[in-house]
file final-v5.cif (mmCIF, C-alpha atoms and all ligand atoms)
data_structure
loop_
_atom_site.label_atom_id
_atom_site.label_comp_id
_atom_site.auth_asym_id
_atom_site.auth_seq_id
_atom_site.Cartn_x
_atom_site.Cartn_y
_atom_site.Cartn_z
CA MET A 259 13.30 18.52 -11.27
CA GLN A 260 13.35 16.95 -14.68
CA SER A 261 10.00 16.66 -16.39
CA VAL A 262 8.96 13.30 -17.80
CA PRO A 263 7.24 12.69 -21.12
CA ILE A 264 3.53 11.74 -21.00
CA PRO A 265 3.39 7.94 -21.25
CA ASP A 266 0.81 6.05 -23.23
CA LYS A 267 -2.37 4.73 -21.65
CA LYS A 268 -1.33 1.08 -21.87
CA GLN A 269 1.89 1.72 -19.94
CA VAL A 270 0.02 3.56 -17.21
CA VAL A 271 -2.49 0.72 -16.83
CA GLU A 272 0.37 -1.81 -16.66
CA LYS A 273 2.03 0.15 -13.85
CA ALA A 274 -1.27 0.45 -11.99
CA LYS A 275 -1.74 -3.32 -12.22
CA GLY A 276 1.86 -3.84 -11.08
CA ALA A 277 1.14 -1.69 -8.03
CA PHE A 278 -2.04 -3.51 -6.94
CA VAL A 279 -0.76 -7.01 -7.70
CA GLY A 280 2.56 -6.08 -6.05
CA LEU A 281 0.72 -4.99 -2.92
CA ALA A 282 -1.12 -8.31 -2.66
CA ILE A 283 2.08 -10.27 -3.31
CA GLY A 284 3.94 -8.32 -0.61
CA ASP A 285 1.11 -8.96 1.84
CA ALA A 286 0.99 -12.71 1.06
CA LEU A 287 4.78 -13.06 1.28
CA GLY A 288 5.26 -10.89 4.36
CA ALA A 289 2.40 -12.35 6.41
CA THR A 290 4.56 -15.40 7.08
CA THR A 291 7.15 -13.35 8.97
CA GLU A 292 4.85 -10.77 10.57
CA PHE A 293 5.81 -10.10 14.19
CA MET A 294 9.04 -12.12 13.93
CA THR A 295 12.48 -10.56 14.43
CA ALA A 296 15.10 -10.70 11.68
CA GLN A 297 17.07 -13.23 13.79
CA GLU A 298 14.06 -15.48 14.29
CA ILE A 299 13.40 -15.45 10.54
CA LYS A 300 17.01 -16.35 9.81
CA LEU A 301 16.90 -19.26 12.24
CA GLN A 302 13.62 -20.60 10.92
CA TYR A 303 13.86 -19.96 7.18
CA GLY A 304 17.40 -18.91 6.34
CA VAL A 305 16.02 -16.48 3.81
CA HIS A 306 12.24 -16.26 3.51
CA ASP A 307 11.58 -15.93 -0.22
CA GLN A 308 8.63 -18.24 -1.01
CA ILE A 309 4.91 -17.62 -0.59
CA ILE A 310 4.06 -20.40 1.87
CA GLY A 311 1.38 -18.85 4.09
CA LYS A 312 1.43 -19.93 7.78
CA GLY A 313 2.78 -17.25 10.14
CA TRP A 314 0.94 -16.22 13.29
CA LEU A 315 -2.37 -16.19 11.32
CA TYR A 316 -1.90 -19.78 10.01
CA LEU A 317 -2.58 -18.66 6.45
CA ARG A 318 -2.94 -20.74 3.30
CA ALA A 319 -0.16 -20.17 0.79
CA GLY A 320 -1.19 -17.17 -1.31
CA GLN A 321 -3.77 -15.90 1.17
CA VAL A 322 -3.75 -12.15 1.81
CA THR A 323 -4.66 -10.17 4.94
CA ASP A 324 -6.26 -6.87 5.93
CA ASP A 325 -3.79 -4.77 3.94
CA THR A 326 -5.04 -6.14 0.63
CA GLU A 327 -8.63 -6.64 1.79
CA MET A 328 -9.07 -3.03 2.98
CA SER A 329 -7.51 -1.76 -0.26
CA ILE A 330 -10.01 -3.86 -2.18
CA CYS A 331 -12.82 -2.35 -0.04
CA ILE A 332 -11.84 1.16 -1.15
CA GLY A 333 -11.52 0.09 -4.78
CA ARG A 334 -14.94 -1.58 -4.71
CA ALA A 335 -16.52 1.48 -3.08
CA ILE A 336 -15.24 3.75 -5.85
CA GLN A 337 -16.35 1.35 -8.57
CA LYS A 338 -19.82 0.72 -7.11
CA SER A 339 -20.45 4.43 -6.44
CA LYS A 340 -18.96 5.43 -9.79
CA GLY A 341 -17.04 8.13 -7.94
CA TRP A 342 -15.70 9.16 -4.56
CA ASP A 343 -18.19 8.56 -1.74
CA LEU A 344 -16.71 8.39 1.74
CA THR A 345 -19.82 6.78 3.22
CA ALA A 346 -19.57 4.03 0.61
CA VAL A 347 -15.95 3.43 1.71
CA ALA A 348 -16.98 3.22 5.37
CA GLU A 349 -19.85 0.87 4.42
CA GLU A 350 -17.39 -1.44 2.65
CA PHE A 351 -15.18 -1.45 5.76
CA ALA A 352 -18.21 -2.22 7.93
CA ALA A 353 -19.31 -5.09 5.68
CA TRP A 354 -15.76 -6.42 5.64
CA VAL A 355 -15.52 -6.41 9.45
CA GLY A 356 -18.95 -8.08 9.56
CA GLY A 357 -17.54 -10.92 7.47
CA ARG A 358 -15.03 -11.72 10.24
CA PRO A 359 -11.77 -11.14 8.40
CA ILE A 360 -8.65 -13.04 9.35
CA ASP A 361 -7.04 -9.93 10.83
CA VAL A 362 -8.10 -6.39 11.73
CA GLY A 363 -5.74 -3.86 13.33
CA SER A 364 -6.99 -2.43 16.62
CA THR A 365 -7.07 1.21 15.42
CA CYS A 366 -8.94 0.19 12.27
CA ALA A 367 -11.39 -1.89 14.30
CA ARG A 368 -12.07 1.03 16.64
CA GLY A 369 -12.67 3.49 13.78
CA ILE A 370 -14.97 1.12 11.92
CA ARG A 371 -16.93 0.36 15.08
CA ASN A 372 -17.30 4.10 15.58
CA TYR A 373 -18.78 4.36 12.09
CA ILE A 374 -21.14 1.43 12.64
CA LEU A 375 -22.39 2.83 15.96
CA HIS A 376 -22.43 6.58 15.24
CA GLN A 377 -21.98 6.93 11.45
CA THR A 378 -18.81 8.91 12.21
CA LEU A 379 -16.61 9.35 9.15
CA GLU A 380 -13.75 10.98 11.03
CA VAL A 381 -12.16 9.90 14.30
CA ALA A 382 -10.69 12.52 16.64
CA PRO A 383 -7.02 13.46 16.13
CA SER A 384 -4.77 11.27 18.21
CA ARG A 385 -1.11 10.56 18.67
CA TRP A 386 -2.11 6.93 19.02
CA SER A 387 -3.33 6.99 15.42
CA ALA A 388 0.19 7.01 13.99
CA GLY A 389 -0.05 3.39 12.92
CA ASN A 390 0.27 2.34 9.28
CA GLY A 391 -3.36 1.19 8.91
CA ALA A 392 -4.48 4.12 6.75
CA LEU A 393 -1.32 4.07 4.64
CA MET A 394 -1.54 0.37 3.83
CA ARG A 395 -4.88 0.76 2.02
CA MET A 396 -4.48 4.04 0.11
CA LEU A 397 -3.48 2.60 -3.27
CA PRO A 398 -6.95 2.70 -4.93
CA VAL A 399 -7.22 6.42 -4.13
CA ALA A 400 -3.89 7.09 -5.84
CA LEU A 401 -4.93 5.14 -8.95
CA TYR A 402 -8.29 6.88 -9.16
CA THR A 403 -6.86 10.40 -8.73
CA LEU A 404 -3.96 10.09 -11.16
CA GLY A 405 -3.47 13.50 -12.76
CA ASN A 406 -4.91 15.53 -9.89
CA GLN A 407 -2.80 15.96 -6.77
CA ASP A 408 -5.41 18.04 -4.95
CA LEU A 409 -7.98 15.27 -5.26
CA LEU A 410 -5.36 12.76 -4.15
CA ALA A 411 -4.59 14.77 -0.99
CA GLN A 412 -8.27 15.29 -0.20
CA TYR A 413 -9.51 11.73 -0.75
CA VAL A 414 -6.48 9.97 0.72
CA VAL A 415 -6.78 11.91 3.98
CA GLU A 416 -10.57 11.46 4.10
CA GLN A 417 -10.26 7.69 3.86
CA ALA A 418 -7.44 7.77 6.44
CA HIS A 419 -9.51 9.68 9.00
CA ILE A 420 -12.21 7.03 9.12
CA THR A 421 -9.76 5.21 11.41
CA HIS A 422 -6.47 7.17 11.73
CA ASN A 423 -6.30 10.92 12.33
CA ASN A 424 -2.66 11.82 12.71
CA PRO A 425 -0.39 14.27 10.86
CA LEU A 426 2.41 11.73 10.25
CA SER A 427 -0.04 9.18 8.87
CA ASP A 428 -1.62 11.88 6.67
CA ALA A 429 1.76 13.02 5.34
CA ALA A 430 2.78 9.46 4.52
CA CYS A 431 -0.55 8.72 2.78
CA ILE A 432 -0.27 11.80 0.58
CA PHE A 433 3.39 11.24 -0.23
CA PHE A 434 3.02 7.55 -1.14
CA GLY A 435 0.20 8.61 -3.44
CA ARG A 436 2.47 11.20 -5.00
CA LEU A 437 5.18 8.56 -5.55
CA LEU A 438 2.63 6.32 -7.26
CA HIS A 439 1.39 9.16 -9.46
CA GLU A 440 4.90 10.06 -10.57
CA THR A 441 5.82 6.43 -11.21
CA MET A 442 2.72 5.78 -13.30
CA MET A 443 3.51 8.87 -15.35
CA GLY A 444 6.99 7.51 -16.08
CA ALA A 445 9.27 8.88 -13.33
CA GLU A 446 12.35 6.75 -12.66
CA LEU A 447 13.28 5.26 -9.29
CA PHE A 448 16.81 6.58 -8.87
CA ARG A 449 16.11 9.95 -10.47
CA GLN A 450 12.81 11.69 -9.88
CA LEU A 451 11.47 9.35 -7.15
CA LEU A 452 14.66 9.52 -5.10
CA ALA A 453 14.80 13.30 -5.47
CA LEU A 454 11.17 13.63 -4.37
CA THR A 455 11.78 11.35 -1.39
CA LYS A 456 14.80 13.41 -0.32
CA SER A 457 12.71 16.58 -0.28
CA PHE A 458 9.89 14.82 1.57
CA VAL A 459 12.34 13.70 4.27
CA LYS A 460 13.69 17.23 4.51
CA GLU A 461 10.17 18.49 5.13
CA TYR A 462 9.34 15.65 7.56
CA PRO A 463 12.64 14.68 9.25
CA ASP A 464 10.85 12.00 11.30
CA PHE A 465 10.92 9.83 8.18
CA CYS A 466 14.71 10.12 7.67
CA TYR A 467 15.82 6.61 6.67
CA VAL A 468 19.56 7.07 6.15
CA PRO A 469 21.17 5.46 8.09
CA TYR A 470 18.35 2.92 8.28
CA PRO A 471 17.26 2.56 11.94
CA GLY A 472 16.24 -1.07 11.31
CA LYS A 473 12.83 -0.90 12.95
CA SER A 474 9.87 -2.21 10.99
CA SER A 475 6.97 -1.91 13.40
CA ALA A 476 3.42 -0.80 12.59
CA TYR A 477 4.34 2.77 13.68
CA VAL A 478 4.01 4.68 10.42
CA VAL A 479 7.50 6.21 10.79
CA ASP A 480 9.17 2.78 11.16
CA THR A 481 7.09 1.45 8.26
CA VAL A 482 7.94 4.32 5.91
CA GLN A 483 11.65 4.19 6.76
CA THR A 484 11.69 0.45 6.03
CA VAL A 485 9.91 0.92 2.71
CA PHE A 486 12.24 3.74 1.60
CA HIS A 487 15.34 1.83 2.69
CA PHE A 488 14.55 -1.32 0.70
CA LEU A 489 13.05 0.51 -2.28
CA PHE A 490 16.12 2.67 -2.80
CA SER A 491 18.78 0.08 -1.91
CA THR A 492 17.67 -2.56 -4.46
CA ASP A 493 17.17 -2.53 -8.21
CA ASN A 494 14.56 -5.23 -8.78
CA PHE A 495 11.21 -6.36 -7.34
CA GLU A 496 12.41 -9.63 -5.83
CA ASP A 497 15.39 -8.25 -3.87
CA CYS A 498 13.29 -5.34 -2.67
CA LEU A 499 10.55 -7.63 -1.35
CA VAL A 500 12.83 -10.28 0.10
CA GLY A 501 14.90 -7.69 1.98
CA THR A 502 11.77 -6.08 3.38
CA VAL A 503 9.94 -9.17 4.62
CA ASN A 504 13.09 -10.65 6.13
CA GLN A 505 13.30 -7.58 8.34
CA GLY A 506 10.24 -8.94 10.16
CA GLY A 507 8.07 -6.70 12.35
CA ASP A 508 4.94 -5.62 10.50
CA ALA A 509 6.22 -7.57 7.52
CA ASP A 510 2.92 -8.05 5.69
CA THR A 511 2.33 -4.30 5.71
CA THR A 512 5.89 -3.22 4.88
CA GLY A 513 5.80 -5.98 2.24
CA ALA A 514 2.49 -4.72 0.85
CA LEU A 515 3.70 -1.12 0.66
CA VAL A 516 7.06 -1.90 -0.85
CA GLY A 517 5.31 -4.34 -3.20
CA MET A 518 2.94 -1.57 -4.26
CA LEU A 519 5.72 0.91 -5.06
CA ALA A 520 8.12 -1.65 -6.56
CA GLY A 521 5.21 -3.13 -8.51
CA ALA A 522 4.54 0.27 -10.07
CA VAL A 523 8.24 0.78 -10.79
CA TYR A 524 9.05 -2.68 -12.24
CA GLY A 525 5.58 -3.69 -13.52
CA VAL A 526 3.87 -7.09 -13.28
CA GLU A 527 6.58 -8.49 -15.55
CA GLY A 528 9.13 -7.67 -12.83
CA ILE A 529 7.31 -9.84 -10.26
CA PRO A 530 8.71 -13.40 -10.01
CA LYS A 531 6.40 -15.91 -11.73
CA ARG A 532 6.54 -18.30 -8.76
CA TRP A 533 4.93 -15.62 -6.60
CA LEU A 534 2.27 -14.71 -9.16
CA LYS A 535 1.32 -18.41 -9.42
CA ARG A 536 0.93 -18.67 -5.66
CA LEU A 537 -1.26 -15.62 -5.09
CA ASP A 538 -4.91 -16.51 -4.40
CA PRO A 539 -6.38 -16.43 -7.95
CA ARG A 540 -9.59 -14.69 -6.86
CA VAL A 541 -7.57 -11.92 -5.24
CA TYR A 542 -5.28 -11.72 -8.26
CA SER A 543 -8.14 -11.26 -10.71
CA GLU A 544 -9.97 -8.76 -8.52
CA VAL A 545 -6.96 -6.49 -7.89
CA ASP A 546 -6.01 -6.70 -11.56
CA ALA A 547 -9.53 -5.65 -12.64
CA LEU A 548 -9.84 -2.93 -9.99
CA ALA A 549 -6.45 -1.43 -10.91
CA THR A 550 -7.58 -1.20 -14.53
CA TYR A 551 -10.97 0.28 -13.68
CA LEU A 552 -9.62 2.85 -11.22
CA VAL A 553 -6.80 4.19 -13.33
CA GLU A 554 -8.92 4.23 -16.49
CA HIS A 555 -11.36 6.49 -14.64
CA SER A 556 -8.65 8.85 -13.35
CA PRO A 557 -8.43 12.46 -14.57
CA ALA A 558 -5.10 11.70 -16.28
CA LEU A 559 -6.37 8.82 -18.39
CA LEU A 560 -9.77 10.31 -19.10
CA SER A 561 -7.89 13.19 -20.71
CA LEU A 562 -5.51 10.96 -22.73
CA LYS A 563 -6.37 9.54 -26.10
CA ASP A 564 -6.04 5.78 -26.68
MG MG B 601 -2.09 -7.54 7.45
MG MG B 602 0.47 -5.93 9.24
#

call {"tool": "encode", "arguments": {"input": "final-v5.cif", "output": "structure tokens"}}
result
Amino acid sequence: MQSVPIPDKKQVVEKAKGAFVGLAIGDALGATTEFMTAQEIKLQYGVHDQIIGKGWLYLRAGQVTDDTEMSICIGRAIQKSKGWDLTAVAEEFAAWVGGRPIDVGSTCARGIRNYILHQTLEVAPSRWSAGNGALMRMLPVALYTLGNQDLLAQYVVEQAHITHNNPLSDAACIFFGRLLHETMMGAELFRQLLALTKSFVKEYPDFCYVPYPGKSSAYVVDTVQTVFHFLFSTDNFEDCLVGTVNQGGDADTTGALVGMLAGAVYGVEGIPKRWLKRLDPRVYSEVDALATYLVEHSPALLSLKD
């Protein structure tokens, strides 16, 4: 594989911000069509391409859901602890659940309850844990471990196992982190990222996405296939996001994940202004600040000069 030149610090921070803001945008846009079928979306919206809230959660326009909120929990835990502390992550999840969030996935709820009752930081392995709930929140770990793939693999799986202990979920968490690392260091979508994804799919054929099976459920395989399909069949942030959320299913989560990767690839400047204006401003400023903090404290940036 072709090596990429070391980018400057400012570019890396911009890509990190693009990833976290992109995740929140994808969540806010996709929440409207979560649990709908592609046909139902077509009938109701034609093409859903505006952040209008509503959906089954009756959201305000620009409001985000658990995907963004749990990612923020992990980011806050790292910042408050000034390092990686799994108990601090679980505590943030527990406090978040205690605040009665608008939505909590059942596997996440079970894992967090387990922590609250028994201080368990790892649930038992289960084939029922192959949902996308650990994958949807792994972004802060990838930002914070930029430059060290071993730390990425360790931390991303530790955070996953608080609620989801499943080999397919683990593989997806590690690989999405890898894609983010490569993107932040300057890898290009249709060159290095596509090549990496092809070898990942060879290693884990479950995730094969060509031809696209068209399912976009919360099963991590369906989610990952949907993300790969729209990421590699579009060449800009807007088309990538619109295609994804109009597929329906777990649209806020597929939207968040594709928004995260496309946000890193195309940067904040690639995100349509009308969407940036609609995103809840408190969420916008927090994810922007967390992205900066996390990546600036990563091994890669700590070793780079300004
Ligand atoms: Mg959600
Ligand atoms: Mg969802």

call {"tool": "closest_residue", "arguments": {"input": "final-v5.cif", "among": "A:Lys535, A:Lys473, A:His487, A:Lys267", "to": "Gly507 (chain A)", "atoms": "only C-alpha atoms"}}
result
A:Lys473

call {"tool": "residues_near_ligand", "arguments": {"input": "final-v5.cif", "ligand": "ligand MG 602 (chain B)", "cutoff": "9 Å", "atoms": "all atoms listed in the file", "output": "JSON, numbers by chain"}}
result
{"A": [285, 288, 289, 292, 293, 323, 324, 325, 361, 362, 363, 390, 391, 394, 475, 476, 507, 508, 509, 510, 511, 512, 513, 514]}

call {"tool": "atom_distance", "arguments": {"input": "final-v5.cif", "atom1": "CA of Phe433 (chain A)", "atom2": "CA of Pro359 (chain A)"}}
result
28.4 Å

call {"tool": "closest_residue", "arguments": {"input": "final-v5.cif", "among": "A:Asn504, A:Ser491, A:Ser427, A:Ser457", "to": "Gly284 (chain A)", "atoms": "only C-alpha atoms"}}
result
A:Asn504

call {"tool": "residues_around", "arguments": {"input": "final-v5.cif", "residues": "region 371-385 of chain A", "least_positions_apart": "6", "cutoff": "10 Å", "atoms": "only C-alpha atoms", "output": "PyMOL selection string"}}
result
chain A and resi 344-345+347-349+351-353+355+365+415-427

call {"tool": "residues_around", "arguments": {"input": "final-v5.cif", "residues": "region 335-343 of chain A", "least_positions_apart": "6", "cutoff": "9 Å", "atoms": "only C-alpha atoms", "output": "ChimeraX atom specification"}}
result
/A:349-350,398-399,402,413,548,551-552,555

call {"tool": "write_last_selection", "arguments": {"input": "final-v5.cif", "atoms": "C-alpha atoms", "output": "PDB file, in the frame of the given file"}}
result
ATOM      1  CA  GLU A 349     -19.850   0.870   4.420  1.00  0.00           C
ATOM      2  CA  GLU A 350     -17.390  -1.440   2.650  1.00  0.00           C
ATOM      3  CA  PRO A 398      -6.950   2.700  -4.930  1.00  0.00           C
ATOM      4  CA  VAL A 399      -7.220   6.420  -4.130  1.00  0.00           C
ATOM      5  CA  TYR A 402      -8.290   6.880  -9.160  1.00  0.00           C
ATOM      6  CA  TYR A 413      -9.510  11.730  -0.750  1.00  0.00           C
ATOM      7  CA  LEU A 548      -9.840  -2.930  -9.990  1.00  0.00           C
ATOM      8  CA  TYR A 551     -10.970   0.280 -13.680  1.00  0.00           C
ATOM      9  CA  LEU A 552      -9.620   2.850 -11.220  1.00  0.00           C
ATOM     10  CA  HIS A 555     -11.360   6.490 -14.640  1.00  0.00           C
TER      11      HIS A 555
END

call {"tool": "atom_distance", "arguments": {"input": "final-v5.cif", "atom1": "CA of Gln505 (chain A)", "atom2": "CA of Thr295 (chain A)"}}
result
6.8 Å

call {"tool": "atom_distance", "arguments": {"input": "final-v5.cif", "atom1": "CA of Val468 (chain A)", "atom2": "CA of Thr484 (chain A)"}}
result
10.3 Å

call {"tool": "closest_residue", "arguments": {"input": "final-v5.cif", "among": "A:Leu515, A:Tyr462, A:Phe488, A:Asp497", "to": "ligand MG 601 (chain B)", "atoms": "all atoms listed in the file"}}
result
A:Leu515

call {"tool": "closest_residue", "arguments": {"input": "final-v5.cif", "among": "A:Asp480, A:Gly472, A:Ala392, A:Ala520", "to": "Leu447 (chain A)", "atoms": "only C-alpha atoms"}}
result
A:Ala520

call {"tool": "closest_residue", "arguments": {"input": "final-v5.cif", "among": "A:Gln407, A:Ser543, A:Asn494, A:Ser364", "to": "ligand MG 601 (chain B)", "atoms": "all atoms listed in the file"}}
result
A:Ser364

call {"tool": "closest_residue", "arguments": {"input": "final-v5.cif", "among": "A:Leu489, A:Cys366, A:Cys431, A:Val305", "to": "ligand MG 601 (chain B)", "atoms": "only C-alpha atoms and all ligand atoms"}}
result
A:Cys366

call {"tool": "axis_aligned_box", "arguments": {"input": "final-v5.cif", "around": "region 304-317 of chain A", "padding_each_side": "6 Å", "output": "lines of an AutoDock Vina configuration file"}}
result
center_x = 7.4
center_y = -18.2
center_z = 6.1
size_x = 32.0
size_y = 16.5
size_z = 26.3

call {"tool": "residues_near_point", "arguments": {"input": "final-v5.cif", "point": "(5.0, 0.6, -10.0)", "cutoff": "7 Å", "atoms": "all atoms listed in the file", "output": "PyMOL selection string"}}
result
chain A and resi 273-274+276-277+438+441-442+518-525

call {"tool": "residues_around", "arguments": {"input": "final-v5.cif", "residues": "Val322 (chain A)", "least_positions_apart": "6", "cutoff": "12 Å", "atoms": "all atoms listed in the file", "output": "MDAnalysis selection string"}}
result
chainID A and resid 279:290 309:313 315:316 328:330 359:361 510:511 513:514 536:542 545

call {"tool": "write_last_selection", "arguments": {"input": "final-v5.cif", "atoms": "C-alpha atoms", "output": "PDB file, in the coordinates of the input"}}
result
ATOM      1  CA  VAL A 279      -0.760  -7.010  -7.700  1.00  0.00           C
ATOM      2  CA  GLY A 280       2.560  -6.080  -6.050  1.00  0.00           C
ATOM      3  CA  LEU A 281       0.720  -4.990  -2.920  1.00  0.00           C
ATOM      4  CA  ALA A 282      -1.120  -8.310  -2.660  1.00  0.00           C
ATOM      5  CA  ILE A 283       2.080 -10.270  -3.310  1.00  0.00           C
ATOM      6  CA  GLY A 284       3.940  -8.320  -0.610  1.00  0.00           C
ATOM      7  CA  ASP A 285       1.110  -8.960   1.840  1.00  0.00           C
ATOM      8  CA  ALA A 286       0.990 -12.710   1.060  1.00  0.00           C
ATOM      9  CA  LEU A 287       4.780 -13.060   1.280  1.00  0.00           C
ATOM     10  CA  GLY A 288       5.260 -10.890   4.360  1.00  0.00           C
ATOM     11  CA  ALA A 289       2.400 -12.350   6.410  1.00  0.00           C
ATOM     12  CA  THR A 290       4.560 -15.400   7.080  1.00  0.00           C
ATOM     13  CA  ILE A 309       4.910 -17.620  -0.590  1.00  0.00           C
ATOM     14  CA  ILE A 310       4.060 -20.400   1.870  1.00  0.00           C
ATOM     15  CA  GLY A 311       1.380 -18.850   4.090  1.00  0.00           C
ATOM     16  CA  LYS A 312       1.430 -19.930   7.780  1.00  0.00           C
ATOM     17  CA  GLY A 313       2.780 -17.250  10.140  1.00  0.00           C
ATOM     18  CA  LEU A 315      -2.370 -16.190  11.320  1.00  0.00           C
ATOM     19  CA  TYR A 316      -1.900 -19.780  10.010  1.00  0.00           C
ATOM     20  CA  MET A 328      -9.070  -3.030   2.980  1.00  0.00           C
ATOM     21  CA  SER A 329      -7.510  -1.760  -0.260  1.00  0.00           C
ATOM     22  CA  ILE A 330     -10.010  -3.860  -2.180  1.00  0.00           C
ATOM     23  CA  PRO A 359     -11.770 -11.140   8.400  1.00  0.00           C
ATOM     24  CA  ILE A 360      -8.650 -13.040   9.350  1.00  0.00           C
ATOM     25  CA  ASP A 361      -7.040  -9.930  10.830  1.00  0.00           C
ATOM     26  CA  ASP A 510       2.920  -8.050   5.690  1.00  0.00           C
ATOM     27  CA  THR A 511       2.330  -4.300   5.710  1.00  0.00           C
ATOM     28  CA  GLY A 513       5.800  -5.980   2.240  1.00  0.00           C
ATOM     29  CA  ALA A 514       2.490  -4.720   0.850  1.00  0.00           C
ATOM     30  CA  ARG A 536       0.930 -18.670  -5.660  1.00  0.00           C
ATOM     31  CA  LEU A 537      -1.260 -15.620  -5.090  1.00  0.00           C
ATOM     32  CA  ASP A 538      -4.910 -16.510  -4.400  1.00  0.00           C
ATOM     33  CA  PRO A 539      -6.380 -16.430  -7.950  1.00  0.00           C
ATOM     34  CA  ARG A 540      -9.590 -14.690  -6.860  1.00  0.00           C
ATOM     35  CA  VAL A 541      -7.570 -11.920  -5.240  1.00  0.00           C
ATOM     36  CA  TYR A 542      -5.280 -11.720  -8.260  1.00  0.00           C
ATOM     37  CA  VAL A 545      -6.960  -6.490  -7.890  1.00  0.00           C
TER      38      VAL A 545
END

call {"tool": "decode", "arguments": {"input": "final-v5.cif", "residues": "region 374-393 of chain A", "atoms": "N, CA and C atoms", "output": "PDB file, in the first residue's frame"}}
result
ATOM      1  N   ILE A 374     -24.140  -0.381  36.784  1.00  0.00           N
ATOM      2  CA  ILE A 374     -24.695   0.346  37.941  1.00  0.00           C
ATOM      3  C   ILE A 374     -24.917  -0.619  39.117  1.00  0.00           C
ATOM      4  N   LEU A 375     -25.443  -1.809  38.808  1.00  0.00           N
ATOM      5  CA  LEU A 375     -25.762  -2.756  39.876  1.00  0.00           C
ATOM      6  C   LEU A 375     -24.541  -3.513  40.390  1.00  0.00           C
ATOM      7  N   HIS A 376     -23.626  -3.882  39.481  1.00  0.00           N
ATOM      8  CA  HIS A 376     -22.531  -4.792  39.886  1.00  0.00           C
ATOM      9  C   HIS A 376     -21.143  -4.236  39.585  1.00  0.00           C
ATOM     10  N   GLN A 377     -21.062  -3.011  39.108  1.00  0.00           N
ATOM     11  CA  GLN A 377     -19.770  -2.406  38.708  1.00  0.00           C
ATOM     12  C   GLN A 377     -19.032  -3.260  37.664  1.00  0.00           C
ATOM     13  N   THR A 378     -19.793  -3.981  36.848  1.00  0.00           N
ATOM     14  CA  THR A 378     -19.196  -4.829  35.814  1.00  0.00           C
ATOM     15  C   THR A 378     -18.797  -3.965  34.622  1.00  0.00           C
ATOM     16  N   LEU A 379     -17.533  -4.102  34.205  1.00  0.00           N
ATOM     17  CA  LEU A 379     -17.069  -3.312  33.060  1.00  0.00           C
ATOM     18  C   LEU A 379     -17.052  -4.128  31.777  1.00  0.00           C
ATOM     19  N   GLU A 380     -17.432  -5.409  31.889  1.00  0.00           N
ATOM     20  CA  GLU A 380     -17.461  -6.239  30.688  1.00  0.00           C
ATOM     21  C   GLU A 380     -18.629  -7.220  30.774  1.00  0.00           C
ATOM     22  N   VAL A 381     -19.521  -7.138  29.788  1.00  0.00           N
ATOM     23  CA  VAL A 381     -20.627  -8.097  29.750  1.00  0.00           C
ATOM     24  C   VAL A 381     -20.106  -9.418  29.165  1.00  0.00           C
ATOM     25  N   ALA A 382     -20.851 -10.491  29.387  1.00  0.00           N
ATOM     26  CA  ALA A 382     -20.444 -11.800  28.860  1.00  0.00           C
ATOM     27  C   ALA A 382     -20.567 -11.799  27.338  1.00  0.00           C
ATOM     28  N   PRO A 383     -19.710 -12.599  26.656  1.00  0.00           N
ATOM     29  CA  PRO A 383     -19.830 -12.694  25.195  1.00  0.00           C
ATOM     30  C   PRO A 383     -21.224 -13.194  24.807  1.00  0.00           C
ATOM     31  N   SER A 384     -21.744 -12.646  23.730  1.00  0.00           N
ATOM     32  CA  SER A 384     -23.088 -13.061  23.329  1.00  0.00           C
ATOM     33  C   SER A 384     -23.313 -12.798  21.855  1.00  0.00           C
ATOM     34  N   ARG A 385     -24.018 -13.760  21.220  1.00  0.00           N
ATOM     35  CA  ARG A 385     -24.328 -13.519  19.815  1.00  0.00           C
ATOM     36  C   ARG A 385     -25.424 -12.471  19.684  1.00  0.00           C
ATOM     37  N   TRP A 386     -26.084 -12.177  20.771  1.00  0.00           N
ATOM     38  CA  TRP A 386     -27.112 -11.124  20.749  1.00  0.00           C
ATOM     39  C   TRP A 386     -26.495  -9.729  20.903  1.00  0.00           C
ATOM     40  N   SER A 387     -25.179  -9.690  21.079  1.00  0.00           N
ATOM     41  CA  SER A 387     -24.502  -8.391  21.228  1.00  0.00           C
ATOM     42  C   SER A 387     -23.960  -7.873  19.905  1.00  0.00           C
ATOM     43  N   ALA A 388     -24.454  -8.407  18.797  1.00  0.00           N
ATOM     44  CA  ALA A 388     -23.925  -7.978  17.496  1.00  0.00           C
ATOM     45  C   ALA A 388     -24.693  -6.784  16.944  1.00  0.00           C
ATOM     46  N   GLY A 389     -25.211  -5.968  17.834  1.00  0.00           N
ATOM     47  CA  GLY A 389     -25.825  -4.708  17.401  1.00  0.00           C
ATOM     48  C   GLY A 389     -24.740  -3.666  17.166  1.00  0.00           C
ATOM     49  N   ASN A 390     -25.166  -2.492  16.681  1.00  0.00           N
ATOM     50  CA  ASN A 390     -24.186  -1.452  16.330  1.00  0.00           C
ATOM     51  C   ASN A 390     -23.939  -0.448  17.458  1.00  0.00           C
ATOM     52  N   GLY A 391     -24.416  -0.758  18.672  1.00  0.00           N
ATOM     53  CA  GLY A 391     -24.368   0.200  19.774  1.00  0.00           C
ATOM     54  C   GLY A 391     -22.971   0.536  20.293  1.00  0.00           C
ATOM     55  N   ALA A 392     -22.017  -0.381  20.114  1.00  0.00           N
ATOM     56  CA  ALA A 392     -20.643  -0.073  20.535  1.00  0.00           C
ATOM     57  C   ALA A 392     -19.915   0.669  19.421  1.00  0.00           C
ATOM     58  N   LEU A 393     -20.249   0.309  18.190  1.00  0.00           N
ATOM     59  CA  LEU A 393     -19.619   0.939  17.027  1.00  0.00           C
ATOM     60  C   LEU A 393     -20.005   2.419  16.917  1.00  0.00           C
TER      61      LEU A 393
END
